[in-house]
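Engineer: The file below is entry_33.cif, mmCIF, C-alpha atoms:
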data_upload
loop_
_atom_site.label_atom_id
_atom_site.label_comp_id
_atom_site.auth_asym_id
_atom_site.auth_seq_id
_atom_site.Cartn_x
_atom_site.Cartn_y
_atom_site.Cartn_z
CA MET O 1 102.97 61.20 203.81
CA PRO O 2 103.16 58.30 201.27
CA TRP O 3 99.36 58.02 201.08
CA VAL O 4 99.02 61.77 200.58
CA PHE O 5 101.58 61.54 197.79
CA VAL O 6 99.68 58.77 196.01
CA GLY O 7 96.39 60.66 196.19
CA VAL O 8 97.80 63.96 194.92
CA TRP O 9 100.07 62.38 192.27
CA SER O 10 97.10 60.48 190.81
CA THR O 11 95.36 63.77 190.03
CA GLY O 12 98.18 64.74 187.67
CA PHE O 13 96.90 62.51 184.88
CA VAL O 14 93.35 63.77 185.38
CA VAL O 15 94.52 67.40 185.31
CA ALA O 16 96.29 66.68 182.02
CA ARG O 17 93.03 65.32 180.64
CA LEU O 18 91.27 68.50 181.83
CA ALA O 19 93.77 70.96 180.36
CA MET O 20 94.93 69.42 177.10
CA PRO O 21 91.87 70.31 174.98
CA HIS O 22 92.75 73.97 175.65
CA ALA O 23 96.56 74.11 175.35
CA PRO O 24 99.62 72.60 173.69
CA PRO O 25 101.49 70.44 176.23
CA LEU O 26 104.88 72.17 176.24
CA GLY O 27 103.28 75.61 176.31
CA PHE O 28 101.18 74.67 179.33
CA LEU O 29 104.15 73.08 181.12
CA SER O 30 106.28 76.17 180.51
CA TRP O 31 103.67 78.32 182.28
CA ARG O 32 103.47 75.73 185.04
CA TYR O 33 107.24 75.79 185.59
CA ALA O 34 107.34 79.59 185.49
CA PHE O 35 104.59 80.05 188.10
CA SER O 36 106.09 77.28 190.23
CA LEU O 37 109.47 79.05 190.16
CA LEU O 38 107.78 82.25 191.27
CA ALA O 39 106.05 80.46 194.16
CA PHE O 40 109.21 78.66 195.27
CA GLY O 41 111.25 81.85 194.89
CA LEU O 42 108.93 83.77 197.22
CA TRP O 43 108.92 80.89 199.69
CA ILE O 44 112.71 80.70 199.65
CA ALA O 45 113.07 84.47 200.14
CA VAL O 46 110.67 84.55 203.08
CA ALA O 47 112.09 81.46 204.79
CA ARG O 48 115.72 82.30 203.92
CA VAL O 49 116.58 78.66 203.32
CA PRO O 50 120.11 77.67 202.25
CA TRP O 51 121.02 76.86 198.66
CA PRO O 52 122.92 73.67 197.71
CA ARG O 53 126.68 73.97 197.88
CA GLY O 54 129.01 73.25 195.00
CA ARG O 55 128.61 73.27 191.26
CA ALA O 56 128.36 69.48 191.18
CA GLN O 57 125.15 69.46 193.21
CA TRP O 58 123.63 72.18 191.05
CA GLY O 59 124.49 70.10 187.99
CA HIS O 60 123.01 66.92 189.46
CA LEU O 61 119.83 68.76 190.39
CA ALA O 62 119.58 70.19 186.89
CA VAL O 63 119.93 66.75 185.29
CA SER O 64 117.35 65.21 187.61
CA GLY O 65 115.04 68.16 186.95
CA VAL O 66 115.25 67.70 183.18
CA LEU O 67 114.45 64.01 183.58
CA MET O 68 111.77 64.15 186.29
CA HIS O 69 110.01 67.30 185.15
CA ALA O 70 110.73 68.06 181.49
CA GLY O 71 111.05 64.47 180.26
CA TYR O 72 108.40 62.83 182.40
CA LEU O 73 105.73 65.53 182.29
CA SER O 74 106.23 66.32 178.61
CA GLY O 75 105.77 62.63 177.78
CA VAL O 76 102.62 62.27 179.88
CA TRP O 77 100.94 65.51 178.78
CA ALA O 78 101.82 65.06 175.11
CA ALA O 79 100.49 61.48 175.23
CA VAL O 80 97.19 62.69 176.72
CA LYS O 81 97.04 65.44 174.10
CA ALA O 82 97.51 62.73 171.47
CA GLY O 83 94.42 60.92 172.73
CA ILE O 84 95.55 58.23 175.16
CA PRO O 85 93.18 57.81 178.14
CA ALA O 86 94.43 59.13 181.48
CA GLY O 87 94.06 55.74 183.17
CA THR O 88 96.09 54.01 180.46
CA VAL O 89 99.05 56.38 180.58
CA ALA O 90 98.99 56.12 184.38
CA LEU O 91 99.22 52.34 184.06
CA ILE O 92 102.17 52.53 181.65
CA VAL O 93 104.07 54.94 183.90
CA GLY O 94 103.04 52.76 186.85
CA LEU O 95 105.46 50.10 185.60
CA GLN O 96 108.28 52.28 186.96
CA PRO O 97 108.79 50.27 190.17
CA LEU O 98 109.20 47.11 188.13
CA LEU O 99 111.90 48.68 185.95
CA THR O 100 113.58 50.15 189.03
CA ALA O 101 113.65 46.79 190.81
CA LEU O 102 115.15 45.10 187.74
CA TRP O 103 117.81 47.80 187.44
CA VAL O 104 118.76 47.74 191.12
CA SER O 105 118.98 43.94 191.16
CA GLY O 106 120.70 43.65 187.80
CA ARG O 107 123.48 46.22 188.22
CA GLY O 108 127.03 45.00 188.68
CA GLN O 109 127.30 41.32 189.53
CA HIS O 110 123.78 40.96 190.92
CA ARG O 111 121.52 38.76 188.84
CA VAL O 112 117.85 39.30 188.24
CA ALA O 113 115.91 36.79 190.33
CA PRO O 114 113.47 34.38 188.62
CA LEU O 115 110.64 35.93 190.65
CA GLN O 116 111.48 39.30 189.15
CA TRP O 117 111.36 37.89 185.63
CA LEU O 118 107.96 36.44 186.49
CA GLY O 119 106.88 39.86 187.76
CA LEU O 120 108.08 41.46 184.54
CA GLY O 121 106.15 38.95 182.47
CA LEU O 122 102.95 39.46 184.46
CA GLY O 123 103.32 43.23 184.31
CA LEU O 124 103.74 43.22 180.55
CA ALA O 125 100.85 40.77 180.14
CA GLY O 126 98.61 43.02 182.24
CA LEU O 127 99.64 46.06 180.22
CA LEU O 128 98.84 44.20 177.01
CA LEU O 129 95.36 43.33 178.30
CA VAL O 130 94.67 47.02 178.88
CA VAL O 131 96.34 48.46 175.78
CA TRP O 132 95.47 45.90 173.08
CA PRO O 133 91.70 46.60 172.85
CA LYS O 134 92.42 50.34 172.85
CA LEU O 135 94.80 49.90 169.92
CA GLY O 136 91.94 48.44 167.92
CA ARG O 137 89.69 51.41 168.78
CA GLY O 138 92.36 53.99 167.98
CA GLU O 139 92.60 55.30 171.55
CA VAL O 140 96.18 54.03 171.81
CA THR O 141 98.54 54.56 168.88
CA VAL O 142 102.21 53.92 168.30
CA PHE O 143 102.78 57.66 168.74
CA ASN O 144 101.05 58.21 172.09
CA LEU O 145 102.34 54.86 173.34
CA GLY O 146 105.88 56.02 172.51
CA LEU O 147 105.31 59.28 174.39
CA SER O 148 104.09 57.30 177.41
CA GLY O 149 107.22 55.14 177.19
CA LEU O 150 109.36 58.30 177.16
CA ALA O 151 107.63 59.43 180.36
CA LEU O 152 108.21 56.03 181.97
CA LEU O 153 111.89 56.00 181.05
CA SER O 154 112.42 59.60 182.20
CA ILE O 155 110.84 59.19 185.64
CA THR O 156 112.65 55.87 186.21
CA VAL O 157 116.09 57.17 185.26
CA GLY O 158 115.47 60.46 187.05
CA THR O 159 114.52 58.77 190.31
CA LEU O 160 117.58 56.50 190.24
CA TYR O 161 119.85 59.42 189.29
CA GLN O 162 118.54 61.63 192.07
CA LYS O 163 118.81 58.89 194.66
CA ARG O 164 122.45 58.26 193.72
CA HIS O 165 123.81 61.75 193.06
CA VAL O 166 121.70 64.36 194.86
CA LEU O 167 122.71 64.96 198.48
CA PRO O 168 120.11 65.65 201.19
CA GLY O 169 119.12 69.30 201.27
CA ASP O 170 116.22 71.71 201.39
CA VAL O 171 113.45 70.64 199.03
CA ARG O 172 112.51 74.22 198.13
CA THR O 173 115.87 75.33 196.74
CA ALA O 174 116.44 71.93 195.15
CA SER O 175 113.06 72.08 193.42
CA PHE O 176 113.77 75.62 192.24
CA ILE O 177 116.94 74.45 190.47
CA GLN O 178 115.19 71.40 188.99
CA LEU O 179 112.30 73.49 187.66
CA ALA O 180 114.63 76.14 186.24
CA ALA O 181 116.45 73.44 184.27
CA ALA O 182 113.14 72.00 183.06
CA LEU O 183 111.93 75.45 181.96
CA ALA O 184 115.20 76.17 180.16
CA LEU O 185 114.64 73.06 178.03
CA THR O 186 110.87 73.23 177.61
CA ALA O 187 110.30 76.93 176.86
CA PRO O 188 112.33 77.07 173.60
CA LEU O 189 110.63 73.90 172.37
CA ALA O 190 107.21 75.39 173.19
CA TRP O 191 107.81 78.12 170.60
CA LEU O 192 107.91 75.40 167.92
CA GLU O 193 104.59 73.88 169.01
CA PRO O 194 101.45 74.55 166.98
CA GLY O 195 98.52 76.15 168.78
CA SER O 196 98.28 78.44 171.77
CA LEU O 197 96.73 78.45 175.25
CA GLN O 198 92.99 79.13 175.38
CA TRP O 199 92.29 80.60 178.80
CA GLN O 200 89.13 78.67 179.59
CA PRO O 201 88.06 77.99 183.22
CA GLU O 202 89.21 74.37 182.90
CA LEU O 203 92.67 75.51 181.87
CA VAL O 204 92.94 77.98 184.76
CA VAL O 205 91.86 75.33 187.28
CA ALA O 206 94.36 72.86 185.82
CA LEU O 207 97.19 75.39 185.96
CA VAL O 208 96.48 76.44 189.55
CA TRP O 209 96.28 72.84 190.76
CA SER O 210 99.37 71.88 188.73
CA VAL O 211 101.40 74.59 190.48
CA LEU O 212 100.04 74.34 194.01
CA GLY O 213 98.98 70.71 194.30
CA LEU O 214 101.32 68.88 191.96
CA THR O 215 104.57 70.85 191.79
CA LEU O 216 104.68 72.44 195.25
CA GLY O 217 102.89 69.47 196.81
CA ALA O 218 103.40 66.10 195.11
CA SER O 219 106.80 66.78 193.48
CA SER O 220 108.17 68.12 196.77
CA LEU O 221 106.86 65.03 198.57
CA LEU O 222 108.52 62.78 195.98
CA PHE O 223 111.83 64.60 196.48
CA MET O 224 111.65 64.05 200.25
CA LEU O 225 110.57 60.43 199.90
CA ILE O 226 113.52 59.70 197.59
CA GLN O 227 115.86 61.26 200.16
CA ARG O 228 114.46 59.19 203.01
CA GLY O 229 113.82 55.80 201.41
CA ALA O 230 115.37 53.20 199.13
CA ALA O 231 114.67 53.66 195.44
CA THR O 232 112.55 50.52 195.09
CA ARG O 233 110.58 51.30 198.26
CA VAL O 234 109.78 54.81 197.06
CA THR O 235 108.82 53.82 193.52
CA SER O 236 106.60 51.03 194.85
CA LEU O 237 104.11 53.82 195.60
CA PHE O 238 103.63 54.33 191.88
CA TYR O 239 101.81 51.04 191.36
CA LEU O 240 99.01 52.40 193.56
CA VAL O 241 98.53 55.36 191.22
CA PRO O 242 96.87 53.66 188.18
CA PRO O 243 93.75 52.39 190.00
CA CYS O 244 93.34 55.77 191.73
CA THR O 245 93.66 57.54 188.38
CA ALA O 246 91.24 55.12 186.70
CA VAL O 247 88.58 55.83 189.32
CA LEU O 248 89.07 59.61 189.06
CA ALA O 249 88.98 59.51 185.24
CA TRP O 250 85.76 57.46 185.39
CA LEU O 251 84.11 59.87 187.83
CA LEU O 252 85.18 63.06 186.04
CA PHE O 253 85.37 62.11 182.35
CA ASP O 254 83.43 58.84 182.11
CA GLU O 255 86.59 56.97 181.01
CA ARG O 256 85.22 53.48 181.49
CA MET O 257 87.39 50.47 182.29
CA THR O 258 86.19 47.10 180.99
CA PRO O 259 86.45 43.99 183.18
CA LEU O 260 89.35 42.88 180.98
CA ALA O 261 91.13 46.19 181.60
CA TRP O 262 90.65 45.88 185.37
CA ALA O 263 92.06 42.35 185.16
CA GLY O 264 95.07 43.70 183.28
CA MET O 265 95.58 46.39 185.90
CA ALA O 266 95.47 43.74 188.64
CA LEU O 267 98.04 41.66 186.75
CA CYS O 268 100.33 44.70 186.53
CA ALA O 269 100.02 45.30 190.26
CA LEU O 270 100.79 41.63 190.97
CA GLY O 271 103.82 41.74 188.68
CA VAL O 272 105.17 44.86 190.36
CA GLY O 273 104.57 43.33 193.79
CA LEU O 274 106.50 40.18 192.88
CA ALA O 275 109.40 42.17 191.49
CA LEU O 276 109.63 44.31 194.63
CA ARG O 277 109.34 41.27 196.91
CA ALA O 278 112.20 39.56 195.11
CA ASP O 279 114.28 42.76 195.30
CA ARG O 280 113.88 42.89 199.10
CA ALA O 281 114.65 39.18 199.53
#
How would this structure read if it were set down as structure tokens?
Structural biologist:
Amino acid sequence: MPWVFVGVWSTGFVVARLAMPHAPPLGFLSWRYAFSLLAFGLWIAVARVPWPRGRAQWGHLAVSGVLMHAGYLSGVWAAVKAGIPAGTVALIVGLQPLLTALWVSGRGQHRVAPLQWLGLGLGLAGLLLVVWPKLGRGEVTVFNLGLSGLALLSITVGTLYQKRHVLPGDVRTASFIQLAAALALTAPLAWLEPGSLQWQPELVVALVWSVLGLTLGASSLLFMLIQRGAATRVTSLFYLVPPCTAVLAWLLFDERMTPLAWAGMALCALGVGLALRADRA
């Protein structure tokens, strides 16, 4: 299941690259949430699965949904719309396990280990190797870099929040509540966005895969993985996503990675690995 998750999750950045020339990000995501709710609703009705009990759990699911769907996806898709390459935004968001390990180790009286600080330094150095040349070419700007940072912060906080507050339950009803909360936030903001959806074949393909492959598939797998594993162990899967995304973006869109960029990606992976190793020690 973890390897399936990595493969499917990596396509999310590529799908954003496919769809964004034909739609505003929040408008597209609103349609994605709406169709996903319809699919989950039918699935729930047919299977007659139980709903979470208690207002507290509904509230926790809503908060995690806003963070892990509305915050994370809006940041990623808006960053791609603003011109950042799919492989680069995947690398930035791929720093999530490093941030998670630092948070888990640094909370309360636990100190951050020197190995984790080394991992942080290597991760940031690797990111700089990838991003710095793109800043000079205009592919990465302060704006789309900030949007990528918003996505990174949202998925990190959302994963930690869900692991701590959301009780084990059926992934279908839990996802329905999370998506409903994300739609309630995203849809009103979409009305303020300039532009409209252009129903080209690329957009239709992106929407179908976003609903079936990413929301019903990858997001449901992430929910189950968070329930079954420690936060740092689950988020360690994310550092496998950037190289997968880079290869897909190269094959589909000719987004080329220079040797320096590949070296930076390797440094990021090493930094994440060190941070996770120190967290398990």
Engineer: What is the CA of Val76 in chain O-CA of Ala182 in chain O distance in Å, reported with one decimal?
Structural biologist: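 Atom-to-atom, CA of Val76 in chain O to CA of Ala182 in chain O, that is 14.7 Å.
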Engineer: Between O:Gln227, O:Ser219, O:Thr245, O:Gln57, which residue has the minimum interatomic distance to Tyr33 in chain O, considering all atoms listed in the file?
Structural biologist: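 Selected residue with least distance to Tyr33 in chain O: O:Ser219.
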Engineer: Of the residues O:Gly12, O:Pro97, O:Pro114, O:Pro85, which is the one nearest to Ile155 in chain O, using all atoms listed in the file?
Structural biologist: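 Going through O:Gly12, O:Pro97, O:Pro114, O:Pro85 one by one, the smallest distance to Ile155 in chain O is for O:Pro97.
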Engineer: Taking only residues of range 167-271 of chain O that have an atom at most 12 Å from an atom of range 134-144 of chain O, what is each one's shortest atom pair and its distance in Å to one decimal, using all atoms listed in the file, in chain and number order, as a tab-separated table?
Structural biologist:
residue	atom	partner	partner_atom	distance
O:Glu255	CA	O:Glu139	CA	11.3
O:Arg256	CA	O:Lys134	CA	11.7
O:Met257	CA	O:Lys134	CA	10.7
O:Thr258	CA	O:Lys134	CA	10.8
O:Leu260	CA	O:Lys134	CA	11.5
O:Ala261	CA	O:Lys134	CA	9.8
Engineer: Could you check the closest approach to Gly87 in chain O for each of O:Gly7, O:Gly264, O:Pro242, O:Gly59 and tell me which residue wins, using only C-alpha atoms?
Structural biologist: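 The shortest atom-to-atom distance to Gly87 in chain O comes from O:Pro242.
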Engineer: Please enumerate the residues selected by the PyMOL selection byres ((chain O and resi 31) around 10) when evaluated against the supplied file, formatted as a list in words.
Structural biologist: Leu26, Gly27, Phe28, Leu29, Ser30, Arg32, Tyr33, Ala34, Phe35, Ser36, Leu37, Leu183, Thr186, Ala187, Leu197, Leu207 and Val211 of chain O
Engineer: Give me, please, the distance in Å between CA of Ala56 in chain O and CA of Lys163 in chain O, quoted to one decimal.
Structural biologist: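 Computed distance, CA of Ala56 in chain O to CA of Lys163 in chain O, equals 14.7 Å.
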Engineer: Check which residues satisfy the PyMOL selection byres ((chain O and resi 72) around 10) in the file shown, then give them as a CSV table (one decimal) with C-alpha atoms, keeping the file's coordinate frame.
Structural biologist:
chain,number,residue,atom,x,y,z
O,65,GLY,CA,115.0,68.2,187.0
O,66,VAL,CA,115.2,67.7,183.2
O,67,LEU,CA,114.4,64.0,183.6
O,68,MET,CA,111.8,64.2,186.3
O,69,HIS,CA,110.0,67.3,185.2
O,70,ALA,CA,110.7,68.1,181.5
O,71,GLY,CA,111.0,64.5,180.3
O,73,LEU,CA,105.7,65.5,182.3
O,74,SER,CA,106.2,66.3,178.6
O,75,GLY,CA,105.8,62.6,177.8
O,76,VAL,CA,102.6,62.3,179.9
O,77,TRP,CA,100.9,65.5,178.8
O,93,VAL,CA,104.1,54.9,183.9
O,147,LEU,CA,105.3,59.3,174.4
O,148,SER,CA,104.1,57.3,177.4
O,149,GLY,CA,107.2,55.1,177.2
O,150,LEU,CA,109.4,58.3,177.2
O,151,ALA,CA,107.6,59.4,180.4
O,152,LEU,CA,108.2,56.0,182.0
O,153,LEU,CA,111.9,56.0,181.0
O,154,SER,CA,112.4,59.6,182.2
O,155,ILE,CA,110.8,59.2,185.6
O,156,THR,CA,112.6,55.9,186.2
O,157,VAL,CA,116.1,57.2,185.3
O,158,GLY,CA,115.5,60.5,187.0
Engineer: Name every residue that the PyMOL selection byres ((chain O and resi 177) around 8) selects in this structure, writing the answer as a ChimeraX atom specification with chains first and numbers rising.
Structural biologist: /O:58,61-62,65,173-176,178-181
Engineer: Check the smallest atom-to-atom distance from each of O:Gly94, O:Ala113, O:Ala23, O:Val4 to Glu202 in chain O using only C-alpha atoms, then report the winner.
Structural biologist: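 Ranking O:Gly94, O:Ala113, O:Ala23, O:Val4 by distance to Glu202 in chain O, first place goes to O:Ala23.
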Engineer: Let me make sure I understand: among O:Ala79, O:Val166, O:Ala19, O:Leu225, which one has the smallest atom-to-atom distance to Gly54 in chain O if we use all atoms listed in the file?
Structural biologist: O:Val166
Engineer: Let me make sure I understand: among O:Val46, O:Leu38, O:Val171, O:Pro25, which one has the smallest atom-to-atom distance to Leu192 in chain O if we use all atoms listed in the file?
Structural biologist: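 Of O:Val46, O:Leu38, O:Val171, O:Pro25, the one nearest Leu192 in chain O is O:Pro25, counting all atoms listed in the file.
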Engineer: How far is it from CA of Ala78 in chain O to CA of Ala16 in chain O, in Å with one decimal?
Structural biologist: 9.0 Å
Engineer: Identify the residues around (107.3, 35.9, 190.6) within a radius of 9 Å, measuring from all atoms listed in the file in the coordinates stated by the file, and give them as a PyMOL selection string.
Structural biologist: chain O and resi 113-122+270-271+273-275+277-278
Engineer: Dump as a ChimeraX atom specification all residues having an atom at most 12 Å from (85.9, 59.3, 182.3), computed in the file's coordinates with only C-alpha atoms.
Structural biologist: /O:13-14,17-18,85-88,245-257
Engineer: Which residues of range 66-100 of chain O come within 9 Å of range 123-127 of chain O, and what is each one's closest atom pair and distance in Å (one decimal), counting all atoms listed in the file, sorted by chain and residue number, as JSON lines?
Structural biologist:
{"residue": "O:Thr88", "atom": "CA", "partner": "O:Leu127", "partner_atom": "CA", "distance": 8.7}
{"residue": "O:Leu91", "atom": "CA", "partner": "O:Leu127", "partner_atom": "CA", "distance": 7.4}
{"residue": "O:Ile92", "atom": "CA", "partner": "O:Leu127", "partner_atom": "CA", "distance": 7.1}
{"residue": "O:Leu95", "atom": "CA", "partner": "O:Gly123", "partner_atom": "CA", "distance": 7.3}
{"residue": "O:Leu98", "atom": "CA", "partner": "O:Gly123", "partner_atom": "CA", "distance": 8.0}
Engineer: Would you mind putting N, CA and C atoms back on range 78-98 of chain O and writing the result as an mmCIF file, keeping the file's coordinate frame?
Structural biologist:
data_model
loop_
_atom_site.group_PDB
_atom_site.id
_atom_site.type_symbol
_atom_site.label_atom_id
_atom_site.label_comp_id
_atom_site.auth_asym_id
_atom_site.auth_seq_id
_atom_site.Cartn_x
_atom_site.Cartn_y
_atom_site.Cartn_z
ATOM 1 N N ALA O 78 101.908 65.191 176.561
ATOM 2 C CA ALA O 78 101.820 65.060 175.110
ATOM 3 C C ALA O 78 101.063 63.796 174.726
ATOM 4 N N ALA O 79 101.222 62.721 175.493
ATOM 5 C CA ALA O 79 100.490 61.480 175.230
ATOM 6 C C ALA O 79 98.989 61.691 175.418
ATOM 7 N N VAL O 80 98.599 62.396 176.483
ATOM 8 C CA VAL O 80 97.190 62.690 176.720
ATOM 9 C C VAL O 80 96.647 63.592 175.614
ATOM 10 N N LYS O 81 97.439 64.561 175.204
ATOM 11 C CA LYS O 81 97.040 65.440 174.100
ATOM 12 C C LYS O 81 96.813 64.631 172.828
ATOM 13 N N ALA O 82 97.620 63.571 172.661
ATOM 14 C CA ALA O 82 97.510 62.730 171.470
ATOM 15 C C ALA O 82 96.402 61.694 171.576
ATOM 16 N N GLY O 83 95.629 61.726 172.673
ATOM 17 C CA GLY O 83 94.420 60.920 172.730
ATOM 18 C C GLY O 83 94.426 59.715 173.633
ATOM 19 N N ILE O 84 95.532 59.406 174.293
ATOM 20 C CA ILE O 84 95.550 58.230 175.160
ATOM 21 C C ILE O 84 94.757 58.514 176.428
ATOM 22 N N PRO O 85 93.950 57.573 176.913
ATOM 23 C CA PRO O 85 93.180 57.810 178.140
ATOM 24 C C PRO O 85 94.095 58.007 179.346
ATOM 25 N N ALA O 86 93.626 58.828 180.297
ATOM 26 C CA ALA O 86 94.430 59.130 181.480
ATOM 27 C C ALA O 86 94.773 57.880 182.263
ATOM 28 N N GLY O 87 93.797 56.964 182.414
ATOM 29 C CA GLY O 87 94.060 55.740 183.170
ATOM 30 C C GLY O 87 95.093 54.852 182.511
ATOM 31 N N THR O 88 95.131 54.851 181.174
ATOM 32 C CA THR O 88 96.090 54.010 180.460
ATOM 33 C C THR O 88 97.504 54.527 180.594
ATOM 34 N N VAL O 89 97.698 55.830 180.430
ATOM 35 C CA VAL O 89 99.050 56.380 180.580
ATOM 36 C C VAL O 89 99.523 56.238 182.021
ATOM 37 N N ALA O 90 98.614 56.335 182.982
ATOM 38 C CA ALA O 90 98.990 56.120 184.380
ATOM 39 C C ALA O 90 99.465 54.693 184.591
ATOM 40 N N LEU O 91 98.821 53.734 183.931
ATOM 41 C CA LEU O 91 99.220 52.340 184.060
ATOM 42 C C LEU O 91 100.597 52.108 183.461
ATOM 43 N N ILE O 92 100.860 52.702 182.299
ATOM 44 C CA ILE O 92 102.170 52.530 181.650
ATOM 45 C C ILE O 92 103.268 53.099 182.540
ATOM 46 N N VAL O 93 103.070 54.317 183.025
ATOM 47 C CA VAL O 93 104.070 54.940 183.900
ATOM 48 C C VAL O 93 104.152 54.187 185.228
ATOM 49 N N GLY O 94 103.053 53.519 185.617
ATOM 50 C CA GLY O 94 103.040 52.760 186.850
ATOM 51 C C GLY O 94 103.932 51.538 186.831
ATOM 52 N N LEU O 95 104.485 51.194 185.673
ATOM 53 C CA LEU O 95 105.460 50.100 185.600
ATOM 54 C C LEU O 95 106.841 50.531 186.086
ATOM 55 N N GLN O 96 106.976 51.780 186.488
ATOM 56 C CA GLN O 96 108.280 52.280 186.960
ATOM 57 C C GLN O 96 108.894 51.437 188.075
ATOM 58 N N PRO O 97 108.148 51.052 189.114
ATOM 59 C CA PRO O 97 108.790 50.270 190.170
ATOM 60 C C PRO O 97 109.350 48.946 189.682
ATOM 61 N N LEU O 98 108.690 48.357 188.677
ATOM 62 C CA LEU O 98 109.200 47.110 188.130
ATOM 63 C C LEU O 98 110.540 47.333 187.434
#
